[in-house]
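Q: File target-v2.tsv below, TSV, C-alpha atoms and all ligand atoms:
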chain	number	residue	atom	x	y	z
U	1	MET	CA	0.00	0.00	0.00
U	2	SER	CA	1.22	3.48	-0.84
U	3	ASN	CA	0.49	6.71	0.95
U	4	PHE	CA	-0.74	8.40	-2.16
U	5	LYS	CA	-4.25	9.53	-2.83
U	6	LEU	CA	-5.96	11.22	-5.71
U	7	SER	CA	-6.16	15.00	-5.45
U	8	LYS	CA	-9.49	16.80	-5.68
U	9	THR	CA	-8.55	17.90	-9.18
U	10	SER	CA	-7.77	14.33	-10.21
U	11	LEU	CA	-11.09	13.10	-8.78
U	12	LYS	CA	-12.92	15.86	-10.62
U	13	ARG	CA	-11.27	14.80	-13.86
U	14	LEU	CA	-12.63	11.27	-13.38
U	15	GLU	CA	-16.21	12.53	-13.57
U	16	GLY	CA	-18.03	10.99	-16.48
U	17	VAL	CA	-15.42	8.26	-16.89
U	18	ASP	CA	-16.58	4.64	-17.03
U	19	GLU	CA	-17.00	3.24	-13.52
U	20	LYS	CA	-14.76	0.26	-14.27
U	21	LEU	CA	-11.91	2.50	-15.30
U	22	VAL	CA	-12.40	4.76	-12.25
U	23	LYS	CA	-12.09	1.69	-10.02
U	24	VAL	CA	-8.83	0.73	-11.69
U	25	VAL	CA	-7.38	4.23	-11.18
U	26	LYS	CA	-8.48	4.30	-7.52
U	27	ARG	CA	-6.90	0.96	-6.88
U	28	ALA	CA	-3.72	1.88	-8.74
U	29	ILE	CA	-3.11	5.01	-6.63
U	30	GLN	CA	-3.19	2.80	-3.53
U	31	GLU	CA	-0.54	0.49	-4.79
U	32	THR	CA	1.79	2.57	-6.92
U	33	LYS	CA	5.21	3.49	-5.60
U	34	VAL	CA	5.13	6.68	-7.69
U	35	ASP	CA	2.43	9.29	-7.20
U	36	PHE	CA	0.38	10.28	-10.24
U	37	ALA	CA	-2.29	12.75	-11.30
U	38	VAL	CA	-5.23	12.41	-13.66
U	39	ALA	CA	-4.54	14.82	-16.51
U	40	GLU	CA	-7.68	14.18	-18.50
U	41	GLY	CA	-10.72	11.92	-18.56
U	42	LEU	CA	-13.91	12.63	-20.45
U	43	ARG	CA	-13.35	14.81	-23.51
U	44	SER	CA	-15.77	16.77	-25.67
U	45	ALA	CA	-15.75	16.60	-29.46
U	46	GLU	CA	-14.56	20.22	-29.52
U	47	ARG	CA	-11.62	19.46	-27.26
U	48	GLN	CA	-10.74	16.36	-29.29
U	49	ASN	CA	-10.83	18.43	-32.47
U	50	GLU	CA	-8.59	21.06	-30.88
U	51	LEU	CA	-5.98	18.35	-30.13
U	52	TYR	CA	-6.39	17.04	-33.66
U	53	LYS	CA	-5.69	20.46	-35.13
U	54	LYS	CA	-2.56	20.73	-33.02
U	55	GLY	CA	-1.40	17.42	-34.44
U	56	TYR	CA	-1.51	15.47	-31.18
U	57	THR	CA	-3.92	12.85	-32.48
U	58	GLU	CA	-5.27	11.35	-35.70
U	59	LEU	CA	-8.81	11.35	-34.33
U	60	ASP	CA	-10.72	14.49	-35.27
U	61	GLY	CA	-13.49	13.97	-32.71
U	62	TYR	CA	-16.31	13.97	-35.25
U	63	LYS	CA	-15.72	11.39	-37.95
U	64	ARG	CA	-13.23	9.55	-35.80
U	65	LYS	CA	-13.86	9.56	-32.08
U	66	SER	CA	-11.44	9.03	-29.24
U	67	ALA	CA	-12.12	6.64	-26.36
U	68	HIS	CA	-11.95	9.77	-24.21
U	69	GLN	CA	-15.20	11.03	-25.75
U	70	LEU	CA	-16.96	7.87	-24.55
U	71	GLY	CA	-15.47	8.00	-21.05
U	72	LYS	CA	-13.43	4.90	-21.82
U	73	ALA	CA	-9.97	6.45	-21.41
U	74	VAL	CA	-7.88	8.43	-18.95
U	75	ASP	CA	-4.54	10.18	-19.24
U	76	LEU	CA	-2.28	9.94	-16.21
U	77	VAL	CA	1.02	11.62	-15.43
U	78	PRO	CA	3.64	10.74	-12.80
U	79	TYR	CA	4.01	13.38	-10.14
U	80	VAL	CA	7.32	13.59	-8.30
U	81	LYS	CA	7.95	16.67	-6.20
U	82	GLU	CA	11.71	16.10	-6.11
U	83	LYS	CA	11.84	16.15	-9.90
U	84	GLY	CA	9.74	19.29	-10.24
U	85	GLY	CA	6.17	17.93	-10.28
U	86	ALA	CA	4.42	16.38	-13.27
U	87	LEU	CA	6.80	14.34	-15.43
U	88	TRP	CA	5.32	14.73	-18.88
U	89	LYS	CA	8.32	13.47	-20.76
U	90	LEU	CA	8.90	9.74	-20.97
U	91	GLU	CA	12.57	10.25	-21.68
U	92	GLY	CA	14.53	10.39	-18.46
U	93	ASN	CA	11.47	9.36	-16.47
U	94	GLU	CA	11.09	5.79	-17.72
U	95	LYS	CA	11.18	4.30	-14.24
U	96	GLU	CA	8.32	6.46	-13.00
U	97	TRP	CA	6.20	5.82	-16.08
U	98	LEU	CA	6.76	2.08	-15.92
U	99	GLU	CA	5.73	2.03	-12.28
U	100	ILE	CA	2.44	3.74	-13.08
U	101	GLY	CA	1.81	1.39	-15.98
U	102	ARG	CA	2.57	-1.57	-13.76
U	103	ALA	CA	0.18	-0.38	-11.04
U	104	MET	CA	-2.58	0.32	-13.57
U	105	LEU	CA	-2.27	-2.97	-15.44
U	106	ARG	CA	-2.03	-4.96	-12.22
U	107	SER	CA	-5.09	-3.23	-10.76
U	108	ALA	CA	-7.03	-3.89	-13.94
U	109	ARG	CA	-6.08	-7.55	-13.87
U	110	LEU	CA	-7.10	-7.93	-10.22
U	111	LEU	CA	-10.43	-6.23	-10.90
U	112	GLY	CA	-11.06	-8.26	-14.06
U	113	VAL	CA	-10.99	-5.18	-16.29
U	114	ASN	CA	-9.59	-5.40	-19.81
U	115	LEU	CA	-7.23	-2.44	-20.04
U	116	GLU	CA	-4.65	-1.33	-22.55
U	117	TRP	CA	-1.86	1.16	-22.13
U	118	GLY	CA	-0.83	3.68	-24.77
U	119	LEU	CA	2.83	2.90	-24.19
U	120	THR	CA	2.37	-0.59	-25.57
U	121	TYR	CA	-0.83	-1.10	-27.49
U	122	ASN	CA	-0.22	0.76	-30.69
U	123	LEU	CA	3.42	1.34	-31.41
U	124	LYS	CA	2.67	2.03	-35.06
U	125	ARG	CA	0.79	5.18	-34.13
U	126	GLY	CA	3.46	6.21	-31.69
U	127	VAL	CA	3.87	5.97	-27.97
U	128	ASP	CA	1.17	7.57	-25.85
U	129	ALA	CA	2.43	6.88	-22.35
U	130	PRO	CA	-0.23	8.83	-20.38
U	131	HIS	CA	-3.10	7.03	-22.10
U	132	PHE	CA	-4.99	4.09	-20.59
U	133	GLN	CA	-8.18	2.82	-22.17
U	134	LEU	CA	-10.72	0.04	-21.81
U	135	LYS	CA	-10.35	-2.59	-24.50
U	136	LYS	CA	-13.30	-2.84	-26.84
Z	1	ZN	ZN	-5.53	9.70	-23.77
So, in terms of structure tokens, how does the structure I just supplied come out?
Ligand SMILES: [Zn+2]
A:
Amino acid sequence: MSNFKLSKTSLKRLEGVDEKLVKVVKRAIQETKVDFAVAEGLRSAERQNELYKKGYTELDGYKRKSAHQLGKAVDLVPYVKEKGGALWKLEGNEKEWLEIGRAMLRSARLLGVNLEWGLTYNLKRGVDAPHFQLKK
């Protein structure tokens, strides 16, 4: 068991997210050795399209929807005070990212939830380390 707990902001960002996925996140924060924050959960079509226009995603939010728009995905980020807070970059922070992935995938397995992690599930489209989504 860790001493970490989700911040109010993180909990707020889980609103509208699939209950199964929320359970996985809540379990993961209890067992991770590295603290993390919820960066994003449910996403509107407008927000998805904004990210699309910035080139962050191939999904435009209208013709092609993201799992975020259905409440089936969350983005998490490691949070380590000693390293300056949120560790957005994978490079140089591999250990922290892997620990969060481990905690999430283990929690999902224990809860019987089929979860995939953006670091591993679609290497062709590029690594998306913060992204965890329910498998269809
Ligand atoms: Zn995402």
Q: For region 66-85 of chain U, take all atoms listed in the file, fit an axis-aligned box around them, add 8 Å to each of the six sides, then output centre and edge lengths in Å rounded to one decimal, as AutoDock Vina command-line options.
A:
--center_x -2.6 --center_y 12.1 --center_z -17.7 --size_x 44.8 --size_y 30.4 --size_z 39.1
Q: Compute the set of protein, DNA and RNA residues whose minimum atom distance to ligand ZN 1 (chain Z) is at most 12 Å, using only C-alpha atoms and all ligand atoms, and state it as a PyMOL selection string.
A: chain U and resi 38-43+48+51+56-57+59+65-77+116-119+127-134
Q: Please produce an output containing C-alpha atoms for each residue in the selection, written as a short mmCIF file (atom, residue, chain, number, x, y, z; two decimals), in the frame of the given file.
A:
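Written file, out-v4.cif:
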data_model
loop_
_atom_site.label_atom_id
_atom_site.label_comp_id
_atom_site.auth_asym_id
_atom_site.auth_seq_id
_atom_site.Cartn_x
_atom_site.Cartn_y
_atom_site.Cartn_z
CA VAL U 38 -5.23 12.41 -13.66
CA ALA U 39 -4.54 14.82 -16.51
CA GLU U 40 -7.68 14.18 -18.50
CA GLY U 41 -10.72 11.92 -18.56
CA LEU U 42 -13.91 12.63 -20.45
CA ARG U 43 -13.35 14.81 -23.51
CA GLN U 48 -10.74 16.36 -29.29
CA LEU U 51 -5.98 18.35 -30.13
CA TYR U 56 -1.51 15.47 -31.18
CA THR U 57 -3.92 12.85 -32.48
CA LEU U 59 -8.81 11.35 -34.33
CA LYS U 65 -13.86 9.56 -32.08
CA SER U 66 -11.44 9.03 -29.24
CA ALA U 67 -12.12 6.64 -26.36
CA HIS U 68 -11.95 9.77 -24.21
CA GLN U 69 -15.20 11.03 -25.75
CA LEU U 70 -16.96 7.87 -24.55
CA GLY U 71 -15.47 8.00 -21.05
CA LYS U 72 -13.43 4.90 -21.82
CA ALA U 73 -9.97 6.45 -21.41
CA VAL U 74 -7.88 8.43 -18.95
CA ASP U 75 -4.54 10.18 -19.24
CA LEU U 76 -2.28 9.94 -16.21
CA VAL U 77 1.02 11.62 -15.43
CA GLU U 116 -4.65 -1.33 -22.55
CA TRP U 117 -1.86 1.16 -22.13
CA GLY U 118 -0.83 3.68 -24.77
CA LEU U 119 2.83 2.90 -24.19
CA VAL U 127 3.87 5.97 -27.97
CA ASP U 128 1.17 7.57 -25.85
CA ALA U 129 2.43 6.88 -22.35
CA PRO U 130 -0.23 8.83 -20.38
CA HIS U 131 -3.10 7.03 -22.10
CA PHE U 132 -4.99 4.09 -20.59
CA GLN U 133 -8.18 2.82 -22.17
CA LEU U 134 -10.72 0.04 -21.81
#
Q: Could you tell me which of U:Asn114, U:Glu91, U:Gly61, U:Lys8 comes closest to Ser44 (chain U) if we count all atoms listed in the file?
A: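 Among the listed residues, the smallest separation from Ser44 (chain U) belongs to U:Gly61.
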Q: Counting all atoms listed in the file, which residue out of U:Gly112, U:Lys136, U:Asn93, U:Glu46 sits closest to Lys20 (chain U)?
A: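 Distance minimum relative to Lys20 (chain U) lands on U:Gly112.
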Q: Using all atoms listed in the file, pick whichever of U:Tyr62, U:Phe4, U:Tyr52, U:Tyr79 has the shortest atom-to-atom distance to Gln30 (chain U).
A: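 Using all atoms listed in the file, the shortest distance to Gln30 (chain U) belongs to U:Phe4.
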Q: Give me, please, the distance in Å between CA of Val17 (chain U) and CA of Arg47 (chain U), quoted to one decimal.
A: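 If I compute the distance from CA of Val17 (chain U) to CA of Arg47 (chain U), I get 15.7 Å.
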Q: Could you check which residues have any atom within 12 Å of (2.7, 16.4, -6.2), counting all atoms listed in the file with coordinates taken straight from the file, and then list them as a PyMOL selection string?
A: chain U and resi 4-7+9-10+34-38+77-87
Q: Within 7 Å of (6.6, 5.5, -9.3) in the file's own coordinates, which protein, DNA or RNA residues have an atom, counting all atoms listed in the file? List them as a list in words.
A: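 Within the cut-off we find Thr32, Lys33, Val34, Asp35, Pro78, Lys95, Glu96, Trp97, Glu99 and Ile100 of chain U.
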Q: Take the residues from that selection and write them out as a PDB file, in the coordinates of the input, keeping C-alpha atoms.
A:
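Below is the file result-v4.pdb, written as the result:
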ATOM      1  CA  THR U  32       1.790   2.570  -6.920  1.00  0.00           C
ATOM      2  CA  LYS U  33       5.210   3.490  -5.600  1.00  0.00           C
ATOM      3  CA  VAL U  34       5.130   6.680  -7.690  1.00  0.00           C
ATOM      4  CA  ASP U  35       2.430   9.290  -7.200  1.00  0.00           C
ATOM      5  CA  PRO U  78       3.640  10.740 -12.800  1.00  0.00           C
ATOM      6  CA  LYS U  95      11.180   4.300 -14.240  1.00  0.00           C
ATOM      7  CA  GLU U  96       8.320   6.460 -13.000  1.00  0.00           C
ATOM      8  CA  TRP U  97       6.200   5.820 -16.080  1.00  0.00           C
ATOM      9  CA  GLU U  99       5.730   2.030 -12.280  1.00  0.00           C
ATOM     10  CA  ILE U 100       2.440   3.740 -13.080  1.00  0.00           C
TER      11      ILE U 100
END
Q: I'd like the interatomic distance between CA of Asn49 (chain U) and CA of Lys23 (chain U), to a tenth of an Å.
A: 28.0 Å
Q: Report, in Å to a single decimal, how far apart CA of Val24 (chain U) and CA of Ala108 (chain U) are.
A: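 Computing it gives 5.4 Å between the two atoms.
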Q: Of the candidates U:Arg109, U:Arg102, U:Lys63, U:Lys135, which shows the shortest atom-to-atom distance to Glu31 (chain U), using only C-alpha atoms?
A: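 Going through U:Arg109, U:Arg102, U:Lys63, U:Lys135 one by one, the smallest distance to Glu31 (chain U) is for U:Arg102.
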Q: Pick from U:Leu21, U:Ala28, U:Leu11, U:Leu90: nearest to Leu115 (chain U), with all atoms listed in the file counted?
A: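 Answer, going by the shortest atom-to-atom distance: U:Leu21.
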Q: Taking 6 positions as the minimum chain separation for residues in the same chain, which residues sit within 9 Å of Arg27 (chain U) when counting only C-alpha atoms? Answer as a list in words.
A: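 Contacts, in chain order: Ala103, Met104, Ser107, Ala108 and Leu111 of chain U.
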